[in-house]
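This is protein_13.txt. It holds compact mmCIF, C-alpha atoms.
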```
# COMPACT_ATOMS: atom_id res chain seq x y z
CA MET U 1 -25.42 5.53 14.52
CA LYS U 2 -25.25 2.14 16.16
CA GLY U 3 -26.77 0.38 13.15
CA LYS U 4 -24.29 2.08 10.88
CA MET U 5 -21.47 0.98 13.12
CA ILE U 6 -22.60 -2.65 12.98
CA LYS U 7 -22.91 -2.50 9.21
CA ARG U 8 -19.44 -1.02 8.83
CA TYR U 9 -17.87 -3.73 10.93
CA ALA U 10 -20.01 -6.56 9.48
CA MET U 11 -17.26 -7.92 7.23
CA ALA U 12 -14.73 -7.86 10.05
CA PHE U 13 -17.18 -9.74 12.30
CA LEU U 14 -17.95 -12.33 9.64
CA ALA U 15 -14.26 -12.87 8.95
CA ALA U 16 -13.55 -13.18 12.66
CA ALA U 17 -16.39 -15.71 12.98
CA ALA U 18 -14.94 -17.75 10.11
CA LEU U 19 -11.57 -17.67 11.81
CA GLY U 20 -13.20 -18.79 15.07
CA ALA U 21 -14.93 -21.67 13.28
CA LEU U 22 -11.63 -22.76 11.72
CA LEU U 23 -9.94 -22.68 15.12
CA ILE U 24 -12.58 -25.04 16.49
CA PHE U 25 -13.14 -27.37 13.53
CA ALA U 26 -9.76 -27.28 11.76
CA PRO U 27 -7.29 -26.15 14.40
CA ASP U 28 -4.26 -26.67 12.13
CA ILE U 29 -5.48 -24.24 9.50
CA GLY U 30 -7.10 -22.03 12.13
CA ASN U 31 -3.87 -21.60 14.06
CA ALA U 32 -1.88 -20.81 10.94
CA ALA U 33 -4.52 -18.27 9.89
CA LEU U 34 -4.54 -16.75 13.36
CA GLY U 35 -0.75 -16.46 13.28
CA THR U 36 -0.71 -14.59 9.97
CA THR U 37 -3.61 -12.41 11.06
CA LEU U 38 -1.86 -11.46 14.29
CA TYR U 39 1.31 -10.69 12.33
CA SER U 40 -0.58 -8.31 10.06
CA LEU U 41 -2.47 -6.77 12.99
CA GLU U 42 0.84 -6.18 14.73
CA GLU U 43 2.12 -4.37 11.67
CA MET U 44 -1.07 -2.34 11.54
CA ALA U 45 -0.89 -1.43 15.20
CA LEU U 46 2.77 -0.47 15.00
CA ILE U 47 3.08 1.40 11.73
CA ILE U 48 -0.34 2.89 11.10
CA PRO U 49 -0.78 5.25 14.11
CA PRO U 50 2.30 7.41 13.44
CA ILE U 51 1.44 7.58 9.72
CA PHE U 52 -2.01 8.90 10.50
CA ILE U 53 -0.65 11.38 13.03
CA LEU U 54 1.80 12.65 10.40
CA LEU U 55 -1.13 12.84 8.01
CA GLY U 56 -3.09 14.98 10.48
CA LEU U 57 -0.11 17.27 11.03
CA LEU U 58 0.42 17.59 7.28
CA ASP U 59 -3.20 18.48 6.81
CA VAL U 60 -3.14 21.15 9.52
CA TRP U 61 0.30 22.68 9.05
CA VAL U 62 1.29 22.54 5.39
CA PRO U 63 -0.39 25.39 3.53
CA ARG U 64 -1.92 24.70 0.15
CA GLU U 65 0.50 27.13 -1.53
CA THR U 66 3.49 25.12 -0.34
CA MET U 67 2.11 21.87 -1.72
CA VAL U 68 1.22 23.51 -5.01
CA ARG U 69 4.70 25.03 -5.31
CA PHE U 70 6.53 21.76 -4.64
CA MET U 71 4.24 19.16 -6.21
CA GLY U 72 1.50 21.04 -8.06
CA GLU U 73 0.99 21.80 -11.74
CA GLY U 74 4.20 23.37 -13.01
CA SER U 75 6.38 21.76 -10.35
CA GLY U 76 8.00 19.85 -13.23
CA ILE U 77 10.81 17.36 -12.73
CA LYS U 78 11.38 18.58 -9.17
CA GLY U 79 7.83 17.71 -8.23
CA MET U 80 8.16 14.26 -9.77
CA VAL U 81 11.44 13.53 -8.01
CA LEU U 82 10.01 14.76 -4.72
CA ALA U 83 6.94 12.53 -5.15
CA VAL U 84 9.12 9.46 -5.74
CA LEU U 85 11.44 10.32 -2.83
CA LEU U 86 8.53 10.88 -0.42
CA GLY U 87 6.93 7.59 -1.48
CA SER U 88 10.24 5.73 -1.17
CA ALA U 89 10.85 7.09 2.31
CA ALA U 90 7.47 5.83 3.46
CA ALA U 91 6.84 2.96 5.81
CA GLY U 92 3.85 0.70 5.95
CA PRO U 93 1.59 -1.13 3.53
CA LEU U 94 0.16 0.47 0.39
CA TYR U 95 -3.32 0.93 1.85
CA ALA U 96 -1.88 3.49 4.27
CA ALA U 97 -0.78 5.55 1.26
CA PHE U 98 -4.34 6.19 0.04
CA PRO U 99 -5.39 8.64 2.76
CA VAL U 100 -2.03 10.39 2.42
CA ALA U 101 -2.57 10.62 -1.34
CA ALA U 102 -6.00 12.14 -0.71
CA VAL U 103 -4.50 14.85 1.53
CA PHE U 104 -1.88 15.59 -1.15
CA LEU U 105 -4.69 16.03 -3.67
CA LYS U 106 -6.66 18.19 -1.28
CA LYS U 107 -3.61 20.42 -0.88
CA GLY U 108 -3.21 20.80 -4.62
CA ALA U 109 -0.58 18.27 -5.67
CA LYS U 110 -0.64 17.34 -9.35
CA PHE U 111 -2.52 14.11 -10.05
CA SER U 112 0.35 12.38 -11.86
CA ASN U 113 2.65 13.25 -8.95
CA VAL U 114 0.23 11.63 -6.53
CA LEU U 115 0.21 8.53 -8.76
CA LEU U 116 4.02 8.57 -8.72
CA PHE U 117 3.98 8.90 -4.96
CA MET U 118 1.69 5.88 -4.61
CA GLY U 119 3.79 3.91 -7.08
CA ALA U 120 6.96 4.64 -5.13
CA TRP U 121 5.23 3.83 -1.85
CA SER U 122 4.13 0.48 -3.26
CA THR U 123 7.40 -0.70 -4.67
CA THR U 124 10.57 1.35 -4.14
CA LYS U 125 10.27 1.83 -0.38
CA VAL U 126 13.77 1.92 1.08
CA PRO U 127 13.16 -0.34 4.12
CA MET U 128 11.51 -2.87 1.81
CA VAL U 129 14.44 -2.81 -0.62
CA LEU U 130 16.75 -3.70 2.26
CA PHE U 131 14.60 -6.73 3.02
CA GLU U 132 14.59 -7.69 -0.62
CA LEU U 133 18.38 -7.41 -0.83
CA GLY U 134 18.74 -9.70 2.16
CA SER U 135 16.35 -12.34 0.81
CA MET U 136 16.69 -12.19 -2.96
CA GLY U 137 20.20 -10.91 -3.65
CA ALA U 138 21.55 -7.84 -5.43
CA VAL U 139 20.96 -8.82 -9.08
CA PHE U 140 17.28 -9.60 -8.54
CA THR U 141 16.71 -6.57 -6.31
CA PHE U 142 18.38 -3.93 -8.45
CA THR U 143 16.94 -5.25 -11.69
CA ARG U 144 13.45 -5.12 -10.21
CA LEU U 145 14.09 -1.72 -8.63
CA GLY U 146 15.32 -0.10 -11.84
CA LEU U 147 12.46 -1.58 -13.77
CA SER U 148 9.97 -0.45 -11.11
CA VAL U 149 11.08 3.18 -11.29
CA ALA U 150 10.45 3.08 -15.04
CA GLY U 151 7.20 1.17 -14.49
CA ILE U 152 5.69 3.53 -11.94
CA SER U 153 6.53 6.51 -14.16
CA ILE U 154 4.86 4.93 -17.17
CA ILE U 155 1.87 3.89 -15.06
CA ALA U 156 1.54 7.39 -13.56
CA PHE U 157 1.39 9.10 -16.93
CA ALA U 158 -0.62 6.49 -18.78
CA ALA U 159 -3.12 6.22 -15.91
CA GLN U 160 -3.54 10.00 -15.78
CA LYS U 161 -4.36 10.00 -19.52
CA LEU U 162 -6.73 7.04 -19.25
CA ILE U 163 -8.56 8.33 -16.20
CA GLY U 164 -9.25 11.58 -17.99
CA PRO U 165 -9.68 15.19 -16.81
CA ARG U 166 -13.35 14.91 -15.83
CA GLU U 167 -12.86 11.98 -13.50
CA ILE U 168 -9.69 13.57 -12.08
CA GLU U 169 -11.69 16.67 -11.23
CA ARG U 170 -14.19 14.45 -9.42
CA ILE U 171 -11.35 12.81 -7.49
CA TYR U 172 -10.08 16.21 -6.33
CA GLU U 173 -13.60 17.12 -5.23
CA ASN U 174 -13.94 13.86 -3.33
CA ALA U 175 -10.57 14.46 -1.63
CA ASN U 176 -11.79 17.87 -0.49
CA ASN U 177 -14.82 16.32 1.14
CA LEU U 178 -13.06 13.51 2.97
CA MET T 1 14.61 0.15 12.96
CA GLN T 2 12.29 1.88 10.50
CA THR T 3 9.58 1.83 13.16
CA VAL T 4 11.89 3.54 15.65
CA ILE T 5 12.73 6.28 13.14
CA LEU T 6 9.07 6.70 12.25
CA TYR T 7 8.03 7.05 15.89
CA ALA T 8 10.92 9.38 16.74
CA ALA T 9 10.15 11.64 13.76
CA THR T 10 6.45 11.68 14.60
CA ALA T 11 7.11 12.46 18.27
CA VAL T 12 9.46 15.34 17.41
CA LEU T 13 6.92 16.83 14.99
CA VAL T 14 4.06 16.49 17.48
CA VAL T 15 6.13 18.27 20.14
CA ILE T 16 7.04 21.08 17.74
CA SER T 17 3.41 21.35 16.71
CA LEU T 18 2.32 21.50 20.37
CA ILE T 19 4.81 24.26 21.13
CA LYS T 20 3.71 26.28 18.14
CA ASN T 21 -0.04 25.86 18.50
CA LYS T 22 -2.04 23.64 20.85
CA GLN T 23 -5.35 24.17 19.07
CA LYS T 24 -3.97 23.17 15.68
CA THR T 25 -2.28 20.11 17.16
CA LYS T 26 -5.55 18.99 18.67
CA LYS T 27 -7.23 19.45 15.31
CA ALA T 28 -4.49 17.37 13.65
CA MET T 29 -4.99 14.55 16.17
CA ILE T 30 -8.73 14.54 15.58
CA LYS T 31 -8.15 14.39 11.83
CA ALA T 32 -5.68 11.56 12.32
CA TRP T 33 -8.16 9.57 14.38
CA LYS T 34 -11.02 10.15 11.95
CA ALA T 35 -8.92 9.06 8.97
CA PHE T 36 -7.85 5.96 10.88
CA GLU T 37 -11.33 5.01 12.06
CA ASN T 38 -12.54 5.54 8.52
CA ILE T 39 -10.58 2.61 7.12
CA LEU T 40 -10.30 0.48 10.25
CA PRO T 41 -13.34 -1.79 9.69
CA GLN T 42 -12.34 -2.66 6.14
CA LEU T 43 -8.76 -3.28 7.15
CA LEU T 44 -9.73 -5.60 9.97
CA GLY T 45 -11.87 -7.70 7.64
CA VAL T 46 -9.17 -7.81 4.97
CA VAL T 47 -6.44 -8.82 7.37
CA ILE T 48 -8.43 -11.78 8.72
CA VAL T 49 -9.56 -12.98 5.27
CA VAL T 50 -5.98 -12.91 3.99
CA GLY T 51 -4.77 -14.72 7.09
CA ILE T 52 -7.23 -17.54 6.38
CA ALA T 53 -6.35 -17.63 2.67
CA LEU T 54 -2.64 -17.89 3.37
CA ALA T 55 -3.22 -20.68 5.87
CA LEU T 56 -5.01 -22.68 3.18
CA LEU T 57 -2.07 -22.32 0.79
CA ASP T 58 1.24 -23.59 2.11
CA THR T 59 4.68 -22.97 0.65
CA GLU T 60 4.97 -26.45 -0.88
CA THR T 61 1.69 -26.15 -2.77
CA ILE T 62 2.65 -22.73 -4.08
CA SER T 63 6.16 -23.82 -5.07
CA ALA T 64 4.70 -26.73 -7.01
CA VAL T 65 2.30 -24.54 -8.96
CA ILE T 66 4.81 -21.79 -9.76
CA GLY T 67 7.86 -24.00 -10.26
CA SER T 68 10.66 -22.91 -12.58
CA ALA T 69 9.23 -25.14 -15.33
CA SER T 70 5.76 -23.61 -15.09
CA GLY T 71 6.59 -20.85 -17.60
CA TRP T 72 4.11 -18.07 -18.36
CA TYR T 73 1.29 -20.13 -16.92
CA GLY T 74 3.10 -20.08 -13.58
CA VAL T 75 3.85 -16.38 -14.00
CA ALA T 76 0.13 -15.68 -14.46
CA ILE T 77 -0.78 -17.69 -11.38
CA ALA T 78 1.96 -16.00 -9.37
CA SER T 79 0.70 -12.57 -10.43
CA VAL T 80 -2.84 -13.45 -9.42
CA ILE T 81 -1.71 -14.78 -6.04
CA GLY T 82 0.32 -11.61 -5.51
CA ALA T 83 -2.61 -9.45 -6.51
CA VAL T 84 -5.13 -10.98 -4.13
CA THR T 85 -2.89 -11.32 -1.10
CA LEU T 86 -1.70 -8.73 1.35
CA ILE T 87 1.49 -9.68 3.12
CA PRO T 88 3.77 -7.30 5.00
CA GLY T 89 7.15 -6.92 3.25
CA PHE T 90 9.13 -8.29 6.14
CA ILE T 91 7.24 -11.58 5.72
CA ALA T 92 6.89 -11.43 1.93
CA PHE T 93 10.56 -11.47 1.04
CA PRO T 94 11.62 -14.27 3.37
CA THR T 95 8.58 -16.18 2.06
CA ALA T 96 9.68 -15.51 -1.52
CA ALA T 97 13.15 -16.82 -0.66
CA LEU T 98 11.52 -19.96 0.83
CA LEU T 99 9.46 -20.41 -2.33
CA LEU T 100 12.64 -20.22 -4.42
CA VAL T 101 14.25 -22.92 -2.30
CA GLY T 102 11.02 -24.91 -2.62
CA GLY T 103 11.43 -24.93 -6.40
CA ALA T 104 9.69 -21.78 -7.63
CA GLY T 105 11.32 -19.98 -10.57
CA TYR T 106 12.77 -16.46 -10.52
CA MET T 107 10.32 -15.27 -13.16
CA GLN T 108 7.35 -16.47 -11.19
CA ILE T 109 8.71 -15.03 -7.94
CA ALA T 110 9.38 -11.70 -9.65
CA ALA T 111 5.79 -11.58 -10.88
CA PHE T 112 4.53 -12.54 -7.43
CA VAL T 113 6.60 -9.93 -5.60
CA SER T 114 5.78 -7.17 -8.07
CA SER T 115 2.04 -7.72 -8.07
CA LEU T 116 2.02 -8.31 -4.32
CA MET T 117 3.51 -4.88 -3.76
CA MET T 118 1.70 -2.92 -6.44
CA VAL T 119 -1.68 -4.60 -6.89
CA GLY T 120 -4.18 -4.71 -4.06
CA VAL T 121 -7.42 -6.49 -4.90
CA VAL T 122 -8.53 -6.87 -1.30
CA THR T 123 -7.78 -3.23 -0.52
CA LEU T 124 -9.67 -2.00 -3.63
CA PRO T 125 -12.63 -0.75 -1.56
CA VAL T 126 -10.25 1.42 0.48
CA GLU T 127 -8.52 2.72 -2.65
CA ILE T 128 -11.86 3.44 -4.32
CA ARG T 129 -13.04 5.40 -1.30
CA TYR T 130 -10.06 7.77 -1.60
CA LEU T 131 -9.31 7.83 -5.33
CA GLY T 132 -12.46 6.77 -7.11
CA LYS T 133 -13.39 3.56 -8.88
CA ARG T 134 -11.99 4.36 -12.31
CA SER T 135 -8.63 5.47 -11.00
CA ALA T 136 -8.28 2.50 -8.65
CA LEU T 137 -9.20 -0.03 -11.33
CA ILE T 138 -6.87 1.49 -13.92
CA ARG T 139 -3.94 1.72 -11.53
CA ASN T 140 -4.36 -1.88 -10.40
CA ALA T 141 -4.86 -3.23 -13.91
CA MET T 142 -1.71 -1.49 -15.12
CA ALA T 143 0.31 -2.66 -12.14
CA PHE T 144 -0.92 -6.21 -12.79
CA VAL T 145 0.21 -6.11 -16.42
CA PHE T 146 3.49 -4.57 -15.30
CA SER T 147 4.24 -7.63 -13.15
CA PHE T 148 4.50 -9.65 -16.39
CA ALA T 149 7.07 -7.20 -17.71
CA VAL T 150 9.03 -7.62 -14.50
CA ALA T 151 8.85 -11.41 -14.91
CA LEU T 152 10.14 -11.12 -18.49
CA VAL T 153 13.13 -8.95 -17.59
CA ILE T 154 14.02 -10.93 -14.45
CA GLY T 155 13.71 -14.13 -16.49
CA LYS T 156 16.25 -12.79 -18.98
CA VAL T 157 18.60 -11.43 -16.32
CA MET T 158 18.49 -14.64 -14.30
CA GLY T 159 18.97 -16.73 -17.44
CA GLU T 160 15.64 -18.54 -17.27
CA ILE T 161 14.58 -17.48 -20.76
```

Target encoding structure tokens, full file:
Amino acid sequence: MKGKMIKRYAMAFLAAAALGALLIFAPDIGNAALGTTLYSLEEMALIIPPIFILLGLLDVWVPRETMVRFMGEGSGIKGMVLAVLLGSAAAGPLYAAFPVAAVFLKKGAKFSNVLLFMGAWSTTKVPMVLFELGSMGAVFTFTRLGLSVAGISIIAFAAQKLIGPREIERIYENANNL
Amino acid sequence: MQTVILYAATAVLVVISLIKNKQKTKKAMIKAWKAFENILPQLLGVVIVVGIALALLDTETISAVIGSASGWYGVAIASVIGAVTLIPGFIAFPTAALLLVGGAGYMQIAAFVSSLMMVGVVTLPVEIRYLGKRSALIRNAMAFVFSFAVALVIGKVMGEI
């Protein structure tokens, strides 16, 4: 148990040691690195806990039938739109979407809808778009946004085809065991 | 603001869940913690590594490499930088605006932003754990290629090509 724990955190320890070394031997770079790291940690600490709590609640409360009806095979356009809307309403970095995606799969959401959901989470998130508007202007933002909606749809369907039914079955199995 | 909404929504749902069923709520919290602890070590490592990488590259260096005259070569570099870094959006966009002021082109910034948001090389191990190797690699590869399409269209719209 303890050995496993050390192994799991080995990369984090190594990275922290490197950061420590930089702070001592190259304080300029070390301080900048520490600043960015703390920024990201702050984001993690703020946004991640509620997402995982919501994930737990989703897992416990939403029955499989409901998920299948709204986002499963045969949910059609409605399921696709719902997947994009849910992803766009999300907060937090893309890596937080993976466990959510796994729960969706476990509950019987269609694979391409889960890909759409992840695509939307990565790039059409509403809070992020507001930031983009403020920094990059309307022309840039809306061009990229429109293109992204098309892009994530193409990626969702092409990826589903490329990944293939056998591997997709394995992914569902894996999601069940997580 | 989004954090406030997120916390408020979560709190309301937890309270409703508690009222309806204490046992189930407890189970949900345990699941939440397990899922979190599952990816925590990888995330910690990633966050520190990216922090160091970003400290080594400053805005001036990046602007010089992906300047508006750098063309598709700059777009490719911008896409790669976007793919291997992990920056929260509320830092990424102001940074992108700084890069533009520093001389980066719209095409290159578009490629950077798109691949930053959609491609996650450092978080690949996390993605693989949940969605399998094949799926993770295909999704990331496609998103990487897509960032070039975004660069092309933004380049046209912004009058750079």

Pairwise distance for CA of Leu130 in chain U and CA of Ala64 in chain T, rounded to one decimal in Å: 27.6 Å

Between chain T and chain U, at 7 Å or less, what are the per-residue closest atom pairs and their distances in Å? Count all atoms listed in the file, order by chain and rising residue number, and return it as a tab-separated table.
```
residue	atom	partner	partner_atom	distance
T:Gln2	CA	U:Pro127	CA	6.8
T:Thr3	CA	U:Ile47	CA	6.7
T:Leu6	CA	U:Pro50	CA	6.9
T:Tyr7	CA	U:Pro50	CA	6.2
T:Thr10	CA	U:Pro50	CA	6.1
T:Lys24	CA	U:Val60	CA	6.5
T:Ala28	CA	U:Gly56	CA	4.2
T:Met29	CA	U:Gly56	CA	6.0
T:Lys31	CA	U:Gly56	CA	5.3
T:Ala32	CA	U:Gly56	CA	4.7
T:Phe36	CA	U:Phe52	CA	6.5
T:Pro41	CA	U:Tyr9	CA	5.1
T:Gln42	CA	U:Ala12	CA	6.9
T:Leu44	CA	U:Ala12	CA	5.5
T:Gly45	CA	U:Ala12	CA	3.7
T:Val47	CA	U:Thr37	CA	5.9
T:Ile48	CA	U:Thr37	CA	5.4
T:Val49	CA	U:Ala15	CA	6.0
T:Gly51	CA	U:Ala33	CA	4.5
T:Ile52	CA	U:Ala33	CA	4.5
T:Leu54	CA	U:Ala33	CA	6.8
T:Ala55	CA	U:Ala33	CA	4.9
T:Leu56	CA	U:Ile29	CA	6.5
T:Pro88	CA	U:Pro93	CA	6.7
T:Gly89	CA	U:Met128	CA	6.1
T:Phe90	CA	U:Phe131	CA	6.5
T:Phe93	CA	U:Glu132	CA	5.8
T:Pro94	CA	U:Ser135	CA	5.7
T:Ala97	CA	U:Ser135	CA	5.7
T:Met117	CA	U:Ser122	CA	5.4
T:Met118	CA	U:Ser122	CA	5.3
T:Thr123	CA	U:Tyr95	CA	6.5
T:Glu127	CA	U:Phe98	CA	6.1
T:Tyr130	CA	U:Ala102	CA	6.0
T:Leu131	CA	U:Ile171	CA	5.8
T:Gly132	CA	U:Ile171	CA	6.2
T:Arg134	CA	U:Ile163	CA	6.5
T:Ser135	CA	U:Ile163	CA	5.9
T:Ile138	CA	U:Ala159	CA	6.4
T:Arg139	CA	U:Ala159	CA	6.3
T:Met142	CA	U:Ile155	CA	6.5
T:Phe146	CA	U:Gly151	CA	6.9
T:Val150	CA	U:Arg144	CA	6.6
T:Ile154	CA	U:Phe140	CA	6.9
```

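By all atoms listed in the file, and with residues fewer than 4 positions from Ser79 in chain T along its chain excluded, the set lying at most 7 Å from it is Val75, Ala83, Ala111, Phe112, Ser115, Phe144 and Ser147 of chain T.
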
Compare U:Pro27, U:Pro63, U:Gly3, U:Gly146 by their minimum atom-to-atom distance to Lys107 in chain U, counting all atoms listed in the file, and give me the closest one.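 Ranking U:Pro27, U:Pro63, U:Gly3, U:Gly146 by distance to Lys107 in chain U, first place goes to U:Pro63.
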
One-decimal distance in Å that lies between CA of Ile62 in chain T and CA of Gly105 in chain T: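 About the pair CA of Gly105 in chain T and CA of Ile62 in chain T: they are 11.2 Å apart.
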
So, with all atoms listed in the file as the atoms that count, which of U:Gly74, U:Pro165, U:Gly87, U:Gly20 lies closest to Gly108 in chain U? U:Gly74

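Restricting the calculation to all atoms listed in the file, the smallest distance between Gly102 in chain T and any of T:Val46, T:Val65, T:Ala53, T:Ala151 is found for T:Val65.
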
Distance CA of Lys34 in chain T-CA of Val122 in chain T, one decimal place?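 For CA of Lys34 in chain T relative to CA of Val122 in chain T, the distance reads 21.7 Å.
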
If you take every atom of range 86-91 of chain U that the file lists and fit an axis-aligned box around them with 6 Å extra on each side, what centre and edge lengths come out in Å to one decimal, as AutoDock Vina command-line options?
```
--center_x 8.8 --center_y 6.9 --center_z 2.2 --size_x 16.0 --size_y 19.9 --size_z 19.3
```

Neighbouring residues of Asn113 in chain U were defined as those with any atom within 10 Å, considering only C-alpha atoms; residues of the same chain fewer than 5 positions away were excluded. Please report them as a VMD selection string. chain U and resid 71 to 73 75 to 77 79 to 84 101 104 to 105 118 to 119 153 156 to 157 160

Looking at all atoms listed in the file, which of T:Trp33, T:Trp72, T:Ile5, T:Val121 is the one that sits closest to Leu137 in chain T?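 Smallest separation from Leu137 in chain T among the options: T:Val121.
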
Calculated over all atoms listed in the file, which of the candidates T:Val101, T:Leu86, T:Leu43, T:Ala76 has the smallest distance to Ser63 in chain T?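 Counting all atoms listed in the file, the residue closest to Ser63 in chain T is T:Val101.
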